[in-house]
Structures are given as C-alpha cells and as structure tokens.
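Enquirer: One structure coming up, written as structure tokens, with questions to follow.
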Amino acid sequence: MRYQNATAYRFLAPYLLIFSIFWLWPIIDSFLISFQATRTVPWRFAPTFNWGRLIGDPAFFNALKNTLLILVIQVPVMISLAIVMAVLLNSPLLKARGLFRFAFFAPVVVGEVAYSAVFRLMFNLDYGIINKLLNSIGLPNVDWFTNVTPAMAVIMMAVTWRWAGYNAIILLAGLQSIPENVYEAATLDRVSKVKQFFYITLPLLKPIIVFCAVLSIIGTMQLFAEPFLITERGGPGGGTETLGLLLYRQGFRSLNFGYASAIAYTMAGLAIAISLVQIWLTREPK
C-alpha cells in the first residue's frame, strides 16, 4: 500500500510542483506583500501601511459602493431571469431546444473586447440603436456614458446579457434532475402549474440557485472587463469603478503592489463572507 501511495505521488509531483509555483506561492507572496510599503526602494515591512490606508481611502469606498450596488441589483435580476429561461428551455412545448440552449450559452464564449465594443456602439449617444428605439417612441436621447446612473445601468445590462444564459444552463441541469412523478402527482391533485413552480420547482432547485448565486457573487466582486472597456476605465469620474478596476489601477498603473494586494485580499474576504451569509440564509432547516 505504501509503495502504491508513493507511486501515485510521483505521478502527481509535476502537477503539485507547477501548482505550488504558479498558484500557491503567488497567493502567499501577495499576502506578504500587502504588509509592505512598496513605493519605497527597497520595500520595507509596514504592517499597517496598506491596510490602514483602506480605512480612509475615498477611492476604495467608492469602488466598494459601486461593486456592492451591482451585486445587490444585477445578481438577483440575473438569477431570476436565468430561472425563467431555464424553465422555458425545459418546456416540452419548445421546439429546437438544442438551438436555443446554444443561443443562450453563446454570450459566454464571445470575447470581452468584442462584446464590449458592441455595447458601446449600441448605447452611443448619436447613432446607437438604443437611442434610436427611444426616439421611435417619443423619448429623448440618453447620454449613457457621461452620467453615472445610465453608465451603471449599461454595465449591469452587459453583465446580465453575458452570464444569464450560463446560469440558465446550470439551472436547466437542476430542473432535469427533478423526478417527473413529483409533477405527475401534483397534477393528479389538481395543483396548478403556477403553484407547482413555487412549491415544487423552486424548493427543489434551491441548492442549484444558491450555487449560481455564489458563483455570481464571486464574479461580481472581481468585475473588471465591463467597466474597463465599456465605460472607459470606470467613468464618468469613477462612477462605475469597481474593486477589480481599482486593484488594476493601483497595481499595474501606479505600481503600488502592496496596496493592490491589500485590495485583492479585501475582495476575496468580502466574496467569502457574502457567500457564506448567502448559504446560511438559504440553508435547510433541521
């Protein structure tokens, strides 16, 4: 048995070595860097320098506010939309279901730069299709990218468009795991389809919904591409700057690696804490 275990670890050794060098060590090293003042030469150990700055940094609290705003509004809307899409995809009345599943999942494989450019064109003030549609029903143009509220709405719509179908496919797998005889028994008891959805489908689908919500929370906490590409680095005036964008600005533009590492671990801690609260609130009663 010991020989077999040793042989197994020999086969795992190349992976464990690469894992340690490129994943485990960077995590440990970045944590240590967060306790150093990296704007001096040489770097010096200053445990409260970066973490103390977080408490009084208006840019950090602005990015935190924007990130939590997206989290509170966009994630519930996206999960709700994904549930509706999954139910429709699971309907036996739907023809060409394979085509629709591919269509809903396709946004995930579209390049971030490409779809961000499309959203910028769609919401352009002068010739974007969204303003053309608003004009067609008698509404004035909206300057989507120079006002904070419309710019934030564009970010939320873009993220929802990209990830709602992905979550719908996961939820669809959960729907297909629910036994049909449960619905047959409810139908025999003359339970309406609406009540079946709220009292059978949603409770049985709750673990999958929680899983999708946790994934979405983690993704939102590190949101970067959309505010960077669509609203031009978190504009206007930092109104759509997220924690991920602030981390990039501090780490790769200002080369303040210590402060960027502190922001990164704050993001990770918040994502873990919010996810744990989400799981605790939706746990099954004993």
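Residue names in the structure tokens use chain letters A, B, ... in the order shown, residue numbers from 1 in each chain, and ligand numbers from 1 in the order shown.
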Taking the DSSP secondary structure from the backbone, can you list the residues of range 13-252 of chain A that are strand (DSSP E or B), as a list of chain:residue names?
Expert: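 Reading the DSSP output for range 13-252 of chain A, strand (DSSP E or B) covers A:Gln36, A:Ala37, A:Arg44, A:Phe45.
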Enquirer: Considering only C-alpha atoms, return as a list of chain:residue names whatever protein or nucleic-acid residues lie within 9 Å of Phe224 in chain A, sequence-local ones (same chain, fewer than 6 positions apart) excluded.
Expert: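 My list of contacting residues is A:Arg233, A:Glu241, A:Thr242, A:Leu243, A:Gly244, A:Leu245, A:Leu246, A:Tyr248.
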Enquirer: DSSP says alpha helix (DSSP H) for which residues of range 59-181 of chain A? Put them as a PyMOL selection string?
Expert: chain A and resi 59-89+97-109+112-122+129-136+148-176+180-181
Enquirer: Any idea what's packed within 8 Å of range 174-176 of chain A, counting only C-alpha atoms, ignoring anything in its chain fewer than 3 positions away? Could you give it as a VMD selection string?
Expert: chain A and resid 86 to 87 90 170 to 171 179 201 205 208
Enquirer: If we count only C-alpha atoms and set the cut-off at 12 Å, which residues sit around Leu255 in chain A, ignoring sequence neighbours fewer than 4 positions away in its own chain? Please answer as a PyMOL selection string.
Expert: chain A and resi 37-40+247-251+259-261
Enquirer: Find the residues near Trp43 in chain A: any atom within 12 Å, counting only C-alpha atoms, skip ones fewer than 4 places away on the same chain, and give them as a list in words.
Expert: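 Once the nearby chain positions are removed, what remains is Leu32, Ile33, Ser34, Phe35, Gln36, Ala37, Thr38, Arg39, Phe49, Asn256, Phe257 and Gly258 of chain A.
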Enquirer: Restricting the output to all heavy atoms, write the selected residues as a CSV table (one decimal), in the first residue's frame.
Expert:
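Resulting contents of part_7.csv:
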```
chain,number,residue,atom,x,y,z
A,32,LEU,N,1.9,38.5,1.8
A,32,LEU,CA,3.0,39.1,2.5
A,32,LEU,C,3.3,40.5,1.9
A,32,LEU,O,3.6,41.4,2.7
A,32,LEU,CB,4.3,38.2,2.3
A,32,LEU,CG,4.2,36.8,2.9
A,32,LEU,CD1,5.4,36.0,2.6
A,32,LEU,CD2,4.0,36.9,4.4
A,33,ILE,N,3.1,40.7,0.6
A,33,ILE,CA,3.4,42.0,0.0
A,33,ILE,C,2.4,43.0,0.6
A,33,ILE,O,2.7,44.2,0.7
A,33,ILE,CB,3.3,41.9,-1.5
A,33,ILE,CG1,4.5,41.1,-2.0
A,33,ILE,CG2,3.2,43.3,-2.1
A,33,ILE,CD1,4.4,40.9,-3.5
A,34,SER,N,1.2,42.6,0.9
A,34,SER,CA,0.2,43.5,1.4
A,34,SER,C,0.6,44.2,2.8
A,34,SER,O,0.0,45.2,3.2
A,34,SER,CB,-1.2,42.8,1.6
A,34,SER,OG,-1.1,41.9,2.7
A,35,PHE,N,1.6,43.6,3.4
A,35,PHE,CA,2.1,44.2,4.7
A,35,PHE,C,3.4,45.0,4.4
A,35,PHE,O,4.1,45.3,5.4
A,35,PHE,CB,2.4,43.1,5.7
A,35,PHE,CG,1.2,42.4,6.1
A,35,PHE,CD1,0.8,41.2,5.6
A,35,PHE,CD2,0.3,42.9,7.1
A,35,PHE,CE1,-0.4,40.5,6.0
A,35,PHE,CE2,-0.8,42.3,7.5
A,35,PHE,CZ,-1.2,41.1,7.0
A,36,GLN,N,3.7,45.3,3.2
A,36,GLN,CA,4.9,46.0,2.9
A,36,GLN,C,4.6,47.3,2.2
A,36,GLN,O,3.6,47.4,1.4
A,36,GLN,CB,5.9,45.2,2.0
A,36,GLN,CG,6.3,43.9,2.6
A,36,GLN,CD,7.3,43.1,1.8
A,36,GLN,OE1,8.3,43.7,1.4
A,36,GLN,NE2,7.0,41.9,1.4
A,37,ALA,N,5.4,48.3,2.4
A,37,ALA,CA,5.3,49.6,1.7
A,37,ALA,C,6.2,49.4,0.4
A,37,ALA,O,7.4,49.4,0.5
A,37,ALA,CB,5.9,50.8,2.5
A,38,THR,N,5.5,49.4,-0.7
A,38,THR,CA,6.2,49.0,-2.0
A,38,THR,C,6.5,50.3,-2.8
A,38,THR,O,6.9,50.1,-4.0
A,38,THR,CB,5.3,48.1,-2.8
A,38,THR,OG1,4.0,48.6,-3.0
A,38,THR,CG2,5.1,46.7,-2.0
A,39,ARG,N,6.2,51.5,-2.3
A,39,ARG,CA,6.5,52.7,-3.1
A,39,ARG,C,7.9,53.2,-2.7
A,39,ARG,O,8.3,54.3,-3.1
A,39,ARG,CB,5.5,53.7,-2.8
A,39,ARG,CG,4.1,53.3,-3.3
A,39,ARG,CD,4.0,53.1,-4.8
A,39,ARG,NE,4.2,54.3,-5.6
A,39,ARG,CZ,3.2,55.1,-5.9
A,39,ARG,NH1,1.9,54.8,-5.5
A,39,ARG,NH2,3.4,56.2,-6.6
A,49,PHE,N,0.5,50.0,7.0
A,49,PHE,CA,0.6,51.0,5.9
A,49,PHE,C,-0.5,50.9,4.9
A,49,PHE,O,-1.3,51.8,4.6
A,49,PHE,CB,2.0,50.9,5.2
A,49,PHE,CG,2.2,52.0,4.2
A,49,PHE,CD1,2.5,53.3,4.6
A,49,PHE,CD2,2.1,51.8,2.9
A,49,PHE,CE1,2.7,54.3,3.7
A,49,PHE,CE2,2.2,52.8,1.9
A,49,PHE,CZ,2.6,54.1,2.4
A,256,ASN,N,1.7,50.2,-7.3
A,256,ASN,CA,1.6,50.2,-5.8
A,256,ASN,C,1.2,48.8,-5.4
A,256,ASN,O,0.0,48.5,-5.1
A,256,ASN,CB,0.7,51.2,-5.3
A,256,ASN,CG,0.7,51.4,-3.8
A,256,ASN,OD1,1.5,50.7,-3.1
A,256,ASN,ND2,0.0,52.4,-3.3
A,257,PHE,N,2.1,47.8,-5.5
A,257,PHE,CA,1.7,46.4,-5.4
A,257,PHE,C,1.2,46.1,-4.0
A,257,PHE,O,0.4,45.2,-3.8
A,257,PHE,CB,2.9,45.5,-5.7
A,257,PHE,CG,3.4,45.7,-7.1
A,257,PHE,CD1,4.7,46.3,-7.4
A,257,PHE,CD2,2.6,45.4,-8.2
A,257,PHE,CE1,5.1,46.5,-8.7
A,257,PHE,CE2,3.1,45.6,-9.5
A,257,PHE,CZ,4.3,46.1,-9.8
A,258,GLY,N,1.8,46.7,-3.0
A,258,GLY,CA,1.3,46.4,-1.6
A,258,GLY,C,-0.1,46.8,-1.4
A,258,GLY,O,-0.9,46.0,-0.8
```
Enquirer: Please identify all polymer residues within 9 Å of Tyr115 in chain A, counting only C-alpha atoms, omitting same-chain residues fewer than 6 positions from it, and present them as a PyMOL selection string.
Expert: chain A and resi 107+158+162
Enquirer: Could you write out the selected residues, including C-alpha atoms, as a CSV table (one decimal), in the first residue's frame?
Expert:
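Contents of part16.csv, as written:
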```csv
chain,number,residue,atom,x,y,z
A,107,PRO,CA,-22.5,35.1,-25.0
A,158,ALA,CA,-23.9,43.9,-20.2
A,162,ARG,CA,-23.2,37.7,-20.8
```
Enquirer: Can you pull out the residues contacting range 122-134 of chain A? Cut-off 7 Å, using only C-alpha atoms, and skip same-chain residues under 6 positions away; I want them as a ChimeraX atom specification.
Expert: /A:140-144
Enquirer: For the residues in the current selection, export N, CA, C and O atoms as an mmCIF file, in the first residue's frame.
Expert:
```
data_model
loop_
_atom_site.group_PDB
_atom_site.id
_atom_site.type_symbol
_atom_site.label_atom_id
_atom_site.label_comp_id
_atom_site.auth_asym_id
_atom_site.auth_seq_id
_atom_site.Cartn_x
_atom_site.Cartn_y
_atom_site.Cartn_z
ATOM 1 N N PRO A 140 -36.518 61.197 -25.474
ATOM 2 C CA PRO A 140 -35.275 61.852 -25.912
ATOM 3 C C PRO A 140 -34.070 60.917 -25.784
ATOM 4 O O PRO A 140 -34.129 59.878 -25.117
ATOM 5 N N ASN A 141 -32.971 61.308 -26.415
ATOM 6 C CA ASN A 141 -31.721 60.561 -26.285
ATOM 7 C C ASN A 141 -31.239 60.549 -24.837
ATOM 8 O O ASN A 141 -31.451 61.513 -24.090
ATOM 9 N N VAL A 142 -30.593 59.458 -24.462
ATOM 10 C CA VAL A 142 -29.965 59.351 -23.142
ATOM 11 C C VAL A 142 -28.454 59.332 -23.342
ATOM 12 O O VAL A 142 -27.941 58.566 -24.160
ATOM 13 N N ASP A 143 -27.758 60.189 -22.614
ATOM 14 C CA ASP A 143 -26.297 60.216 -22.687
ATOM 15 C C ASP A 143 -25.764 59.144 -21.725
ATOM 16 O O ASP A 143 -25.523 59.391 -20.555
ATOM 17 N N TRP A 144 -25.595 57.938 -22.247
ATOM 18 C CA TRP A 144 -25.358 56.764 -21.417
ATOM 19 C C TRP A 144 -24.008 56.777 -20.716
ATOM 20 O O TRP A 144 -23.872 56.185 -19.644
#
```
Enquirer: Name the closest residue to Ala82 in chain A among the candidates A:Leu172, A:Val277, A:Ile70, A:Val41; distances are taken between atoms, counting only C-alpha atoms.
Expert: A:Leu172
Enquirer: At what distance in Å, to one decimal, does CA of Ala168 in chain A lie from CA of Met85 in chain A?
Expert: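 Distance between the two atoms: 5.9 Å.
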